[in-house]
file query-v5.pdb (PDB, C-alpha atoms)
ATOM      1  CA  MET A 551      25.964  26.451   9.099
ATOM      2  CA  SER A 552      22.220  26.616   9.648
ATOM      3  CA  GLN A 553      20.090  23.535   9.183
ATOM      4  CA  LYS A 554      18.871  22.952   5.649
ATOM      5  CA  THR A 555      15.189  22.515   4.852
ATOM      6  CA  ALA A 556      14.035  20.371   1.937
ATOM      7  CA  LEU A 557      10.578  20.298   0.362
ATOM      8  CA  ILE A 558       9.680  17.006  -1.333
ATOM      9  CA  THR A 559       6.638  16.720  -3.578
ATOM     10  CA  GLY A 560       5.485  13.131  -3.967
ATOM     11  CA  ILE A 561       6.905  12.238  -0.553
ATOM     12  CA  THR A 562       4.438   9.363  -0.130
ATOM     13  CA  GLY A 563       5.812   7.598  -3.220
ATOM     14  CA  GLN A 564       8.669   5.132  -3.461
ATOM     15  CA  ASP A 565      11.356   7.729  -4.203
ATOM     16  CA  GLY A 566       9.958  10.309  -1.815
ATOM     17  CA  SER A 567      10.121   7.910   1.117
ATOM     18  CA  TYR A 568      13.738   6.884   0.451
ATOM     19  CA  LEU A 569      14.770  10.504  -0.136
ATOM     20  CA  ALA A 570      13.076  11.626   3.086
ATOM     21  CA  GLU A 571      15.028   8.985   5.025
ATOM     22  CA  LEU A 572      18.299  10.086   3.429
ATOM     23  CA  LEU A 573      17.749  13.781   4.141
ATOM     24  CA  LEU A 574      16.693  13.161   7.736
ATOM     25  CA  GLU A 575      19.907  11.184   8.248
ATOM     26  CA  LYS A 576      21.814  14.200   6.930
ATOM     27  CA  GLY A 577      20.146  16.519   9.439
ATOM     28  CA  TYR A 578      17.649  18.243   7.150
ATOM     29  CA  THR A 579      14.246  19.521   8.173
ATOM     30  CA  VAL A 580      12.009  17.656   5.714
ATOM     31  CA  VAL A 581       8.685  19.036   4.473
ATOM     32  CA  GLY A 582       6.527  16.657   2.465
ATOM     33  CA  MET A 583       3.805  17.939   0.158
ATOM     34  CA  VAL A 584       0.705  15.804  -0.379
ATOM     35  CA  ARG A 585      -2.437  16.445  -2.389
ATOM     36  CA  ARG A 586      -5.675  17.072  -0.531
ATOM     37  CA  THR A 587      -7.738  13.909  -0.857
ATOM     38  CA  SER A 588     -10.360  12.180   1.273
ATOM     39  CA  THR A 589      -7.714   9.659   2.359
ATOM     40  CA  ILE A 590      -3.963  10.301   2.322
ATOM     41  CA  ASN A 591      -1.828   7.169   2.216
ATOM     42  CA  LEU A 592       1.281   7.664   4.347
ATOM     43  CA  ASP A 593       2.231   3.969   4.545
ATOM     44  CA  ARG A 594       5.679   4.413   2.967
ATOM     45  CA  VAL A 595       6.649   7.164   5.427
ATOM     46  CA  ASP A 596       4.727   5.919   8.446
ATOM     47  CA  HIS A 597       7.955   4.896  10.217
ATOM     48  CA  ILE A 598       9.340   8.460   9.966
ATOM     49  CA  GLN A 599       6.088  10.434   9.941
ATOM     50  CA  ASN A 600       6.764  12.036  13.335
ATOM     51  CA  GLU A 601       9.998  13.499  11.950
ATOM     52  CA  LEU A 602       8.330  15.065   8.890
ATOM     53  CA  HIS A 603       6.266  18.184   8.265
ATOM     54  CA  ILE A 604       3.387  16.998   6.058
ATOM     55  CA  VAL A 605       1.642  19.866   4.222
ATOM     56  CA  GLN A 606      -1.141  20.010   1.655
ATOM     57  CA  GLY A 607      -0.479  21.438  -1.784
ATOM     58  CA  ASP A 608      -1.045  20.640  -5.436
ATOM     59  CA  LEU A 609       1.061  20.915  -8.581
ATOM     60  CA  ILE A 610      -1.969  22.256 -10.446
ATOM     61  CA  ASP A 611      -2.336  25.146  -7.961
ATOM     62  CA  LEU A 612       0.457  27.751  -8.127
ATOM     63  CA  LEU A 613      -0.834  29.647  -5.081
ATOM     64  CA  SER A 614      -0.559  26.589  -2.824
ATOM     65  CA  LEU A 615       3.042  26.051  -3.941
ATOM     66  CA  ALA A 616       4.004  29.675  -3.319
ATOM     67  CA  ASP A 617       2.359  29.627   0.114
ATOM     68  CA  ILE A 618       4.309  26.498   1.154
ATOM     69  CA  ILE A 619       7.600  28.003  -0.020
ATOM     70  CA  ARG A 620       6.926  31.236   1.894
ATOM     71  CA  GLU A 621       5.968  29.444   5.090
ATOM     72  CA  TYR A 622       8.671  26.760   5.264
ATOM     73  CA  GLU A 623      11.509  28.568   3.434
ATOM     74  CA  PRO A 624      13.121  25.464   1.878
ATOM     75  CA  THR A 625      16.712  25.638   0.698
ATOM     76  CA  GLU A 626      16.155  22.679  -1.632
ATOM     77  CA  ILE A 627      13.059  21.450  -3.479
ATOM     78  CA  TYR A 628      12.783  17.944  -4.942
ATOM     79  CA  ASN A 629       9.868  17.703  -7.365
ATOM     80  CA  LEU A 630       9.006  13.998  -7.426
ATOM     81  CA  GLY A 631       5.247  14.490  -7.664
ATOM     82  CA  ALA A 632       3.632  13.426 -10.944
ATOM     83  CA  GLN A 633       0.987  11.286 -12.589
ATOM     84  CA  SER A 634       3.666   8.653 -12.968
ATOM     85  CA  PHE A 635       2.046   5.445 -14.229
ATOM     86  CA  VAL A 636       2.568   5.169 -17.993
ATOM     87  CA  PRO A 637      -0.596   3.166 -18.901
ATOM     88  CA  THR A 638      -2.771   5.705 -17.044
ATOM     89  CA  SER A 639      -1.224   8.468 -19.155
ATOM     90  CA  TRP A 640      -3.043   7.092 -22.220
ATOM     91  CA  GLN A 641      -6.310   6.989 -20.289
ATOM     92  CA  GLN A 642      -5.826  10.449 -18.764
ATOM     93  CA  PRO A 643      -3.463  12.332 -21.102
ATOM     94  CA  ILE A 644      -4.710  15.819 -20.212
ATOM     95  CA  LEU A 645      -4.374  15.241 -16.461
ATOM     96  CA  THR A 646      -0.897  13.802 -17.062
ATOM     97  CA  GLY A 647       0.085  16.929 -18.984
ATOM     98  CA  GLU A 648      -1.320  19.236 -16.305
ATOM     99  CA  VAL A 649       0.473  17.551 -13.403
ATOM    100  CA  THR A 650       3.595  15.970 -14.896
ATOM    101  CA  GLY A 651       4.275  18.754 -17.399
ATOM    102  CA  LEU A 652       2.729  22.085 -16.424
ATOM    103  CA  GLY A 653       3.086  21.261 -12.726
ATOM    104  CA  VAL A 654       6.847  21.697 -13.192
ATOM    105  CA  THR A 655       6.331  25.205 -14.581
ATOM    106  CA  ARG A 656       4.105  26.138 -11.654
ATOM    107  CA  MET A 657       6.706  24.989  -9.147
ATOM    108  CA  LEU A 658       9.539  26.766 -10.964
ATOM    109  CA  ASP A 659       7.489  29.944 -11.191
ATOM    110  CA  ALA A 660       6.638  29.751  -7.484
ATOM    111  CA  ILE A 661      10.371  29.493  -6.739
ATOM    112  CA  ARG A 662      11.158  32.383  -9.081
ATOM    113  CA  LEU A 663       8.550  34.604  -7.445
ATOM    114  CA  VAL A 664       9.227  33.735  -3.795
ATOM    115  CA  ASN A 665      12.946  32.860  -3.582
ATOM    116  CA  PRO A 666      14.966  32.226  -6.766
ATOM    117  CA  ASP A 667      17.968  31.124  -4.675
ATOM    118  CA  ILE A 668      16.293  27.796  -3.841
ATOM    119  CA  ARG A 669      18.001  24.788  -5.408
ATOM    120  CA  TYR A 670      15.526  22.749  -7.470
ATOM    121  CA  TYR A 671      15.599  19.092  -8.542
ATOM    122  CA  GLN A 672      13.302  17.895 -11.333
ATOM    123  CA  ALA A 673      12.549  14.192 -11.670
ATOM    124  CA  SER A 674      13.051  13.530 -15.366
ATOM    125  CA  SER A 675      12.709  10.024 -16.778
ATOM    126  CA  SER A 676      14.263   7.577 -19.211
ATOM    127  CA  GLU A 677      10.777   7.347 -20.759
ATOM    128  CA  MET A 678      11.727  10.607 -22.497
ATOM    129  CA  PHE A 679      14.058   8.602 -24.763
ATOM    130  CA  GLY A 680      11.222   6.284 -25.846
ATOM    131  CA  LYS A 681      12.021   5.137 -29.376
ATOM    132  CA  VAL A 682      15.705   5.409 -28.688
ATOM    133  CA  ARG A 683      17.957   7.241 -31.148
ATOM    134  CA  GLU A 684      21.169   5.665 -29.802
ATOM    135  CA  VAL A 685      22.332   2.972 -27.382
ATOM    136  CA  PRO A 686      23.188   3.583 -24.607
ATOM    137  CA  GLN A 687      21.355   6.819 -23.815
ATOM    138  CA  SER A 688      23.309   9.753 -22.361
ATOM    139  CA  GLU A 689      22.558  13.365 -21.441
ATOM    140  CA  ASP A 690      23.039  14.303 -25.117
ATOM    141  CA  THR A 691      20.741  11.645 -26.633
ATOM    142  CA  PRO A 692      17.726  13.179 -28.445
ATOM    143  CA  PHE A 693      14.310  12.488 -26.920
ATOM    144  CA  TYR A 694      11.575  10.522 -28.719
ATOM    145  CA  PRO A 695       8.850   9.833 -26.094
ATOM    146  CA  ARG A 696       6.338   7.068 -26.792
ATOM    147  CA  SER A 697       3.605   7.859 -24.244
ATOM    148  CA  PRO A 698       1.731  10.915 -22.944
ATOM    149  CA  TYR A 699       3.741  10.468 -19.736
ATOM    150  CA  GLY A 700       7.027  10.592 -21.654
ATOM    151  CA  VAL A 701       5.882  13.657 -23.588
ATOM    152  CA  ALA A 702       4.928  15.435 -20.363
ATOM    153  CA  LYS A 703       8.287  14.561 -18.810
ATOM    154  CA  VAL A 704      10.090  16.018 -21.843
ATOM    155  CA  TYR A 705       8.208  19.286 -21.306
ATOM    156  CA  GLY A 706       9.094  19.268 -17.608
ATOM    157  CA  HIS A 707      12.731  18.610 -18.458
ATOM    158  CA  TRP A 708      13.077  21.409 -21.002
ATOM    159  CA  ILE A 709      11.157  23.982 -18.961
ATOM    160  CA  THR A 710      13.614  23.270 -16.129
ATOM    161  CA  VAL A 711      16.526  23.945 -18.493
ATOM    162  CA  ASN A 712      14.739  27.073 -19.721
ATOM    163  CA  TYR A 713      14.267  28.535 -16.231
ATOM    164  CA  ARG A 714      17.877  27.739 -15.365
ATOM    165  CA  GLU A 715      19.151  29.575 -18.413
ATOM    166  CA  SER A 716      16.582  32.394 -18.412
ATOM    167  CA  TYR A 717      16.559  33.281 -14.718
ATOM    168  CA  ASN A 718      19.963  31.949 -13.589
ATOM    169  CA  MET A 719      18.240  29.529 -11.205
ATOM    170  CA  TYR A 720      19.916  26.478  -9.690
ATOM    171  CA  ALA A 721      17.614  23.982 -11.395
ATOM    172  CA  VAL A 722      18.686  20.475 -12.415
ATOM    173  CA  SER A 723      17.077  17.402 -13.926
ATOM    174  CA  GLY A 724      17.927  13.839 -13.026
ATOM    175  CA  ILE A 725      17.174  11.547 -15.964
ATOM    176  CA  LEU A 726      16.597   8.425 -13.913
ATOM    177  CA  PHE A 727      16.250   5.031 -15.501
ATOM    178  CA  ASN A 728      14.032   2.356 -13.934
ATOM    179  CA  HIS A 729      14.594   2.117 -10.225
ATOM    180  CA  GLU A 730      12.684  -0.328  -8.095
ATOM    181  CA  SER A 731      12.382  -1.526  -4.497
ATOM    182  CA  PRO A 732      10.067  -3.366  -2.126
ATOM    183  CA  ARG A 733       8.197  -0.025  -1.867
ATOM    184  CA  ARG A 734       7.309   0.029  -5.558
ATOM    185  CA  GLY A 735       3.562   0.153  -6.239
ATOM    186  CA  LEU A 736       1.793  -3.085  -7.116
ATOM    187  CA  GLU A 737       0.738  -1.700 -10.502
ATOM    188  CA  PHE A 738       4.358  -1.656 -11.736
ATOM    189  CA  VAL A 739       5.587  -4.774 -13.508
ATOM    190  CA  THR A 740       8.566  -5.410 -11.226
ATOM    191  CA  ARG A 741       6.472  -5.388  -8.069
ATOM    192  CA  LYS A 742       3.695  -7.251  -9.841
ATOM    193  CA  ILE A 743       6.206 -10.010 -10.532
ATOM    194  CA  SER A 744       7.775 -10.138  -7.062
ATOM    195  CA  HIS A 745       4.371 -10.098  -5.374
ATOM    196  CA  GLY A 746       2.966 -12.654  -7.820
ATOM    197  CA  VAL A 747       5.914 -14.983  -7.214
ATOM    198  CA  ALA A 748       5.414 -14.706  -3.464
ATOM    199  CA  ARG A 749       1.699 -15.470  -3.765
ATOM    200  CA  ILE A 750       2.363 -18.496  -5.998
ATOM    201  CA  LYS A 751       5.084 -19.774  -3.663
ATOM    202  CA  LEU A 752       2.687 -19.536  -0.697
ATOM    203  CA  GLY A 753      -0.096 -21.315  -2.618
ATOM    204  CA  LEU A 754      -2.308 -18.226  -2.901
ATOM    205  CA  ASP A 755      -2.188 -18.128  -6.731
ATOM    206  CA  LYS A 756      -1.201 -20.404  -9.594
ATOM    207  CA  ALA A 757      -0.550 -18.015 -12.494
ATOM    208  CA  LEU A 758       0.948 -14.586 -13.179
ATOM    209  CA  ARG A 759      -0.416 -12.676 -16.181
ATOM    210  CA  LEU A 760       2.073 -10.354 -17.915
ATOM    211  CA  GLY A 761       2.532  -8.475 -21.180
ATOM    212  CA  ASN A 762       5.720  -8.105 -23.207
ATOM    213  CA  LEU A 763       8.421 -10.301 -21.632
ATOM    214  CA  ASP A 764      11.021  -9.138 -24.146
ATOM    215  CA  ALA A 765      10.915  -5.439 -23.199
ATOM    216  CA  LYS A 766      14.369  -4.432 -21.963
ATOM    217  CA  ARG A 767      15.066  -2.047 -19.116
ATOM    218  CA  ASP A 768      17.961  -0.685 -17.104
ATOM    219  CA  TRP A 769      16.865  -1.530 -13.539
ATOM    220  CA  GLY A 770      18.483  -0.232 -10.347
ATOM    221  CA  PHE A 771      17.626   0.173  -6.658
ATOM    222  CA  ALA A 772      15.621   3.267  -5.693
ATOM    223  CA  GLY A 773      17.621   3.721  -2.493
ATOM    224  CA  ASP A 774      20.768   4.223  -4.584
ATOM    225  CA  TYR A 775      19.087   6.647  -6.967
ATOM    226  CA  VAL A 776      17.808   9.121  -4.377
ATOM    227  CA  GLU A 777      21.399   9.662  -3.253
ATOM    228  CA  ALA A 778      22.136  10.857  -6.803
ATOM    229  CA  MET A 779      19.286  13.370  -6.495
ATOM    230  CA  TRP A 780      20.860  14.839  -3.376
ATOM    231  CA  LEU A 781      24.344  14.889  -4.912
ATOM    232  CA  MET A 782      23.069  16.898  -7.904
ATOM    233  CA  LEU A 783      21.997  19.743  -5.613
ATOM    234  CA  GLN A 784      25.351  19.826  -3.777
ATOM    235  CA  GLN A 785      27.457  20.730  -6.835
ATOM    236  CA  GLU A 786      28.937  24.160  -7.446
ATOM    237  CA  SER A 787      26.945  24.662 -10.648
ATOM    238  CA  PRO A 788      23.665  23.100 -11.872
ATOM    239  CA  ASP A 789      23.680  20.431 -14.550
ATOM    240  CA  ASP A 790      21.613  17.455 -15.741
ATOM    241  CA  TYR A 791      22.610  13.827 -15.231
ATOM    242  CA  VAL A 792      21.604  10.356 -16.412
ATOM    243  CA  ILE A 793      21.330   7.948 -13.465
ATOM    244  CA  ALA A 794      21.424   4.302 -14.534
ATOM    245  CA  THR A 795      23.295   1.024 -14.109
ATOM    246  CA  GLY A 796      24.521   0.719 -17.689
ATOM    247  CA  GLU A 797      23.053  -2.812 -17.846
ATOM    248  CA  THR A 798      19.914  -3.971 -19.590
ATOM    249  CA  HIS A 799      17.658  -6.878 -18.639
ATOM    250  CA  THR A 800      14.380  -8.201 -19.994
ATOM    251  CA  VAL A 801      11.161  -8.697 -18.103
ATOM    252  CA  ARG A 802      11.745 -12.394 -18.806
ATOM    253  CA  GLU A 803      15.054 -12.274 -16.910
ATOM    254  CA  PHE A 804      13.317 -10.599 -13.976
ATOM    255  CA  CYS A 805      10.796 -13.467 -13.961
ATOM    256  CA  GLU A 806      13.507 -16.130 -14.247
ATOM    257  CA  ILE A 807      15.454 -14.825 -11.251
ATOM    258  CA  ALA A 808      12.357 -14.167  -9.138
ATOM    259  CA  PHE A 809      10.849 -17.631  -9.647
ATOM    260  CA  ARG A 810      14.197 -19.397  -9.360
ATOM    261  CA  HIS A 811      14.776 -17.676  -6.012
ATOM    262  CA  VAL A 812      11.802 -19.582  -4.568
ATOM    263  CA  GLY A 813      12.571 -22.844  -6.372
ATOM    264  CA  LEU A 814      10.052 -22.469  -9.208
ATOM    265  CA  ASP A 815      10.188 -22.271 -13.022
ATOM    266  CA  TYR A 816       8.559 -19.159 -14.498
ATOM    267  CA  ASN A 817       7.488 -21.152 -17.581
ATOM    268  CA  ASP A 818       5.072 -23.083 -15.384
ATOM    269  CA  HIS A 819       3.274 -19.986 -14.090
ATOM    270  CA  VAL A 820       3.612 -16.943 -16.389
ATOM    271  CA  VAL A 821       0.740 -16.366 -18.826
ATOM    272  CA  ILE A 822       1.161 -13.844 -21.660
ATOM    273  CA  ASP A 823      -1.872 -11.548 -21.888
ATOM    274  CA  PRO A 824      -2.052  -9.078 -24.835
ATOM    275  CA  ALA A 825      -4.181  -6.792 -22.657
ATOM    276  CA  PHE A 826      -1.018  -5.806 -20.826
ATOM    277  CA  TYR A 827       0.855  -4.590 -23.916
ATOM    278  CA  ARG A 828       1.288  -0.838 -24.385
ATOM    279  CA  PRO A 829      -0.207   0.994 -27.399
ATOM    280  CA  ALA A 830       3.359   2.080 -28.243
ATOM    281  CA  GLU A 831       6.063   0.007 -26.595
ATOM    282  CA  VAL A 832       9.488   1.180 -25.505
ATOM    283  CA  ASP A 833      11.667  -1.796 -26.342
ATOM    284  CA  LEU A 834      15.183  -0.975 -25.151
ATOM    285  CA  LEU A 835      16.337   1.477 -22.504
ATOM    286  CA  ILE A 836      19.908   1.434 -21.209
ATOM    287  CA  GLY A 837      21.581   4.443 -19.650
ATOM    288  CA  ASP A 838      25.147   5.697 -19.652
ATOM    289  CA  PRO A 839      25.964   6.823 -16.084
ATOM    290  CA  ALA A 840      29.543   7.896 -16.893
ATOM    291  CA  LYS A 841      28.936  11.604 -16.261
ATOM    292  CA  ALA A 842      27.274  10.993 -12.888
ATOM    293  CA  GLN A 843      30.044   8.630 -11.869
ATOM    294  CA  ALA A 844      32.772  11.095 -12.857
ATOM    295  CA  LYS A 845      31.269  14.368 -11.637
ATOM    296  CA  LEU A 846      29.059  13.272  -8.737
ATOM    297  CA  GLY A 847      31.088  10.276  -7.596
ATOM    298  CA  TRP A 848      27.855   8.278  -7.674
ATOM    299  CA  GLU A 849      27.877   4.468  -7.838
ATOM    300  CA  ARG A 850      25.103   1.942  -7.397
ATOM    301  CA  THR A 851      25.406  -0.532  -4.522
ATOM    302  CA  VAL A 852      22.703  -3.113  -5.384
ATOM    303  CA  SER A 853      23.029  -5.477  -8.374
ATOM    304  CA  PHE A 854      20.118  -6.575 -10.558
ATOM    305  CA  PRO A 855      19.849 -10.096  -9.048
ATOM    306  CA  GLU A 856      20.093  -8.614  -5.539
ATOM    307  CA  LEU A 857      17.278  -6.182  -6.367
ATOM    308  CA  VAL A 858      14.987  -8.953  -7.642
ATOM    309  CA  THR A 859      15.547 -11.244  -4.670
ATOM    310  CA  MET A 860      15.215  -8.338  -2.226
ATOM    311  CA  MET A 861      11.748  -7.576  -3.618
ATOM    312  CA  VAL A 862      10.635 -11.228  -3.586
ATOM    313  CA  ASP A 863      11.842 -11.719  -0.003
ATOM    314  CA  SER A 864      10.012  -8.584   1.117
ATOM    315  CA  ASP A 865       6.734  -9.704  -0.463
ATOM    316  CA  LEU A 866       7.056 -13.181   1.053
ATOM    317  CA  GLU A 867       7.570 -11.611   4.467
ATOM    318  CA  GLN A 868       4.624  -9.236   4.095
ATOM    319  CA  LEU A 869       2.297 -11.969   2.910
ATOM    320  CA  ARG A 870       3.341 -14.263   5.744
ATOM    321  CA  GLN A 871       2.545 -11.461   8.164
ATOM    322  CA  GLY A 872      -0.938 -11.306   6.703
ATOM    323  CA  GLN A 873      -0.764  -7.888   5.085
ATOM    324  CA  ARG A 874      -3.505  -7.297   2.537
ATOM    325  CA  PHE A 875      -2.850  -6.195  -1.033
ATOM    326  CA  PRO A 876      -5.207  -4.889  -3.728
ATOM    327  CA  ASP A 877      -6.326  -7.008  -6.655
ATOM    328  CA  LEU A 878      -3.704  -7.080  -9.414
ATOM    329  CA  SER A 879      -6.010  -8.227 -12.204
ATOM    330  CA  GLU A 880      -5.854  -4.787 -13.864
ATOM    331  CA  ALA A 881      -2.145  -4.227 -13.303
ATOM    332  CA  THR A 882      -0.137  -3.702 -16.431
ATOM    333  CA  SER A 883       3.267  -3.812 -18.036
ATOM    334  CA  VAL A 884       6.627  -2.088 -17.791
ATOM    335  CA  ARG A 885       6.863   1.381 -16.249
ATOM    336  CA  VAL A 886       9.691   3.736 -15.561
ATOM    337  CA  LYS A 887       9.628   6.251 -12.689
ATOM    338  CA  HIS A 888      11.426   9.009 -12.231
TER     339      HIS A 888
END

call {"tool": "encode", "arguments": {"input": "query-v5.pdb", "output": "structure tokens"}}
result
Amino acid sequence: MSQKTALITGITGQDGSYLAELLLEKGYTVVGMVRRTSTINLDRVDHIQNELHIVQGDLIDLLSLADIIREYEPTEIYNLGAQSFVPTSWQQPILTGEVTGLGVTRMLDAIRLVNPDIRYYQASSSEMFGKVREVPQSEDTPFYPRSPYGVAKVYGHWITVNYRESYNMYAVSGILFNHESPRRGLEFVTRKISHGVARIKLGLDKALRLGNLDAKRDWGFAGDYVEAMWLMLQQESPDDYVIATGETHTVREFCEIAFRHVGLDYNDHVVIDPAFYRPAEVDLLIGDPAKAQAKLGWERTVSFPELVTMMVDSDLEQLRQGQRFPDLSEATSVRVKH
């Protein structure tokens, strides 16, 4: 069997870096697409950069996508690239629609035109459920997105289904619930908490400003979730899957565990700031992973408390090593990624 080649959009993000590691371990040639900018941040893949093919392309430019597919001839494409921060989607709704929504159509059309036999993974999101119609949420739960990001993801999800059914393409969507790690961006609430706890523990800060502590999420470890992405593309026939833990926890619980891990009480340090509330909040997300467990054989390996303490320990270590981090004063509340 010849070596497989995978193209990953969004390879410099949290999920892209874990997925690249997984595919390299499995013997893939890995091509990572990045947007052309004045500075390209490869920090998350720096340790494997010499094993990757980094190419420039853009989800708003169909020609660049088609050119990459022709040149590198991927057997699998994982579309993780998106404008993926929910609060920014209210500030830049049109850009979010162009990249997170229409960008999916451009990639699917590039595949259709160049090589429709490529297997395609679309990063859908639990944010599509938004104002949830049932608890827990499964593959059959109706969508009710509550942000421009969620709306764009719904479009990306359904256009993937449409191309699969219209052109007989192997195209799947993974509806991933919140998945976090030490590689999560500092603008996301989980990393904001773990980093804030580490700074307070080391005497660098005294308070952590947050929004809605009662928002509930289904949080798992990103390293577990990228394995589900790969498993979806190894099945005989394409299908969509919810990837989740089946547990729900509040932001308050995340704070309690994180502060307790370093011997502190979150009540002494967390300050509620209305500026960090969303215009339309998503209050309760909890996924039903039964289908993925039964058909893919997928199981998570990291528990919620283990995830929280892993992130705190990583931030303590990085801060002790003197690594610099950007100002978090504008960071905001809960976000789901892919």

call {"tool": "resolve_selection", "arguments": {"input": "query-v5.pdb", "expression": "the PyMOL selection byres ((chain A and resi 687-703) around 8)", "output": "ChimeraX atom specification"}}
result
/A:633-636,639-640,643,646-647,650-651,674-675,677-686,704-707,725,790-792,830-832,835-839

call {"tool": "residues_around", "arguments": {"input": "query-v5.pdb", "residues": "A:Pro824", "least_positions_apart": "6", "cutoff": "10 Å", "atoms": "all atoms listed in the file", "output": "short mmCIF file (atom, residue, chain, number, x, y, z; two decimals) with C-alpha atoms, in the frame of the given file"}}
result
data_model
loop_
_atom_site.label_atom_id
_atom_site.label_comp_id
_atom_site.auth_asym_id
_atom_site.auth_seq_id
_atom_site.Cartn_x
_atom_site.Cartn_y
_atom_site.Cartn_z
CA ARG A 759 -0.42 -12.68 -16.18
CA LEU A 760 2.07 -10.35 -17.92
CA GLY A 761 2.53 -8.48 -21.18
CA ASN A 762 5.72 -8.10 -23.21
#

call {"tool": "resolve_selection", "arguments": {"input": "query-v5.pdb", "expression": "the PyMOL selection byres ((chain A and resi 590) around 12)", "output": "PyMOL selection string"}}
result
chain A and resi 560-563+583-589+591-596+604-606

call {"tool": "closest_residue", "arguments": {"input": "query-v5.pdb", "among": "A:Arg850, A:Lys766, A:Arg870, A:His597", "to": "A:Leu834", "atoms": "all atoms listed in the file"}}
result
A:Lys766

call {"tool": "atom_distance", "arguments": {"input": "query-v5.pdb", "atom1": "atom CA of A:Ala765", "atom2": "atom CA of A:Arg810"}}
result
19.9 Å

call {"tool": "atom_distance", "arguments": {"input": "query-v5.pdb", "atom1": "atom CA of A:Ile793", "atom2": "atom CA of A:Gly724"}}
result
6.8 Å

call {"tool": "residues_around", "arguments": {"input": "query-v5.pdb", "residues": "A:Gly735", "least_positions_apart": "3", "cutoff": "8 Å", "atoms": "all atoms listed in the file", "output": "list in words"}}
result
Gln564, Phe738 and Arg741 of chain A

call {"tool": "atom_distance", "arguments": {"input": "query-v5.pdb", "atom1": "atom CA of A:Leu752", "atom2": "atom CA of A:Val852"}}
result
26.3 Å

call {"tool": "residues_around", "arguments": {"input": "query-v5.pdb", "residues": "A:Gln868", "least_positions_apart": "3", "cutoff": "12 Å", "atoms": "only C-alpha atoms", "output": "ChimeraX atom specification"}}
result
/A:732-733,744-745,748-749,752,861-865,871-875

call {"tool": "write_last_selection", "arguments": {"input": "query-v5.pdb", "atoms": "C-alpha atoms", "output": "PDB file, in the coordinates of the input"}}
result
ATOM      1  CA  PRO A 732      10.067  -3.366  -2.126  1.00  0.00           C
ATOM      2  CA  ARG A 733       8.197  -0.025  -1.867  1.00  0.00           C
ATOM      3  CA  SER A 744       7.775 -10.138  -7.062  1.00  0.00           C
ATOM      4  CA  HIS A 745       4.371 -10.098  -5.374  1.00  0.00           C
ATOM      5  CA  ALA A 748       5.414 -14.706  -3.464  1.00  0.00           C
ATOM      6  CA  ARG A 749       1.699 -15.470  -3.765  1.00  0.00           C
ATOM      7  CA  LEU A 752       2.687 -19.536  -0.697  1.00  0.00           C
ATOM      8  CA  MET A 861      11.748  -7.576  -3.618  1.00  0.00           C
ATOM      9  CA  VAL A 862      10.635 -11.228  -3.586  1.00  0.00           C
ATOM     10  CA  ASP A 863      11.842 -11.719  -0.003  1.00  0.00           C
ATOM     11  CA  SER A 864      10.012  -8.584   1.117  1.00  0.00           C
ATOM     12  CA  ASP A 865       6.734  -9.704  -0.463  1.00  0.00           C
ATOM     13  CA  GLN A 871       2.545 -11.461   8.164  1.00  0.00           C
ATOM     14  CA  GLY A 872      -0.938 -11.306   6.703  1.00  0.00           C
ATOM     15  CA  GLN A 873      -0.764  -7.888   5.085  1.00  0.00           C
ATOM     16  CA  ARG A 874      -3.505  -7.297   2.537  1.00  0.00           C
ATOM     17  CA  PHE A 875      -2.850  -6.195  -1.033  1.00  0.00           C
TER      18      PHE A 875
END

call {"tool": "decode", "arguments": {"input": "query-v5.pdb", "residues": "stretch 701-707 of chain A", "atoms": "N, CA, C and O atoms", "output": "PDB file, in the first residue's frame"}}
result
ATOM      1  N   VAL A 701     -23.801  29.873  13.027  1.00  0.00           N
ATOM      2  CA  VAL A 701     -24.552  29.901  11.772  1.00  0.00           C
ATOM      3  C   VAL A 701     -23.659  29.479  10.607  1.00  0.00           C
ATOM      4  O   VAL A 701     -24.064  28.677   9.755  1.00  0.00           O
ATOM      5  N   ALA A 702     -22.437  29.997  10.573  1.00  0.00           N
ATOM      6  CA  ALA A 702     -21.508  29.648   9.504  1.00  0.00           C
ATOM      7  C   ALA A 702     -21.152  28.165   9.543  1.00  0.00           C
ATOM      8  O   ALA A 702     -21.019  27.509   8.501  1.00  0.00           O
ATOM      9  N   LYS A 703     -20.993  27.623  10.747  1.00  0.00           N
ATOM     10  CA  LYS A 703     -20.687  26.200  10.882  1.00  0.00           C
ATOM     11  C   LYS A 703     -21.855  25.325  10.406  1.00  0.00           C
ATOM     12  O   LYS A 703     -21.643  24.242   9.848  1.00  0.00           O
ATOM     13  N   VAL A 704     -23.090  25.777  10.647  1.00  0.00           N
ATOM     14  CA  VAL A 704     -24.251  25.040  10.156  1.00  0.00           C
ATOM     15  C   VAL A 704     -24.221  24.992   8.623  1.00  0.00           C
ATOM     16  O   VAL A 704     -24.467  23.940   8.016  1.00  0.00           O
ATOM     17  N   TYR A 705     -23.905  26.109   7.995  1.00  0.00           N
ATOM     18  CA  TYR A 705     -23.792  26.122   6.532  1.00  0.00           C
ATOM     19  C   TYR A 705     -22.716  25.146   6.069  1.00  0.00           C
ATOM     20  O   TYR A 705     -22.935  24.343   5.153  1.00  0.00           O
ATOM     21  N   GLY A 706     -21.542  25.207   6.708  1.00  0.00           N
ATOM     22  CA  GLY A 706     -20.456  24.306   6.341  1.00  0.00           C
ATOM     23  C   GLY A 706     -20.843  22.852   6.507  1.00  0.00           C
ATOM     24  O   GLY A 706     -20.473  21.989   5.701  1.00  0.00           O
ATOM     25  N   HIS A 707     -21.593  22.564   7.557  1.00  0.00           N
ATOM     26  CA  HIS A 707     -22.038  21.193   7.820  1.00  0.00           C
ATOM     27  C   HIS A 707     -22.971  20.708   6.710  1.00  0.00           C
ATOM     28  O   HIS A 707     -22.768  19.633   6.130  1.00  0.00           O
TER      29      HIS A 707
END
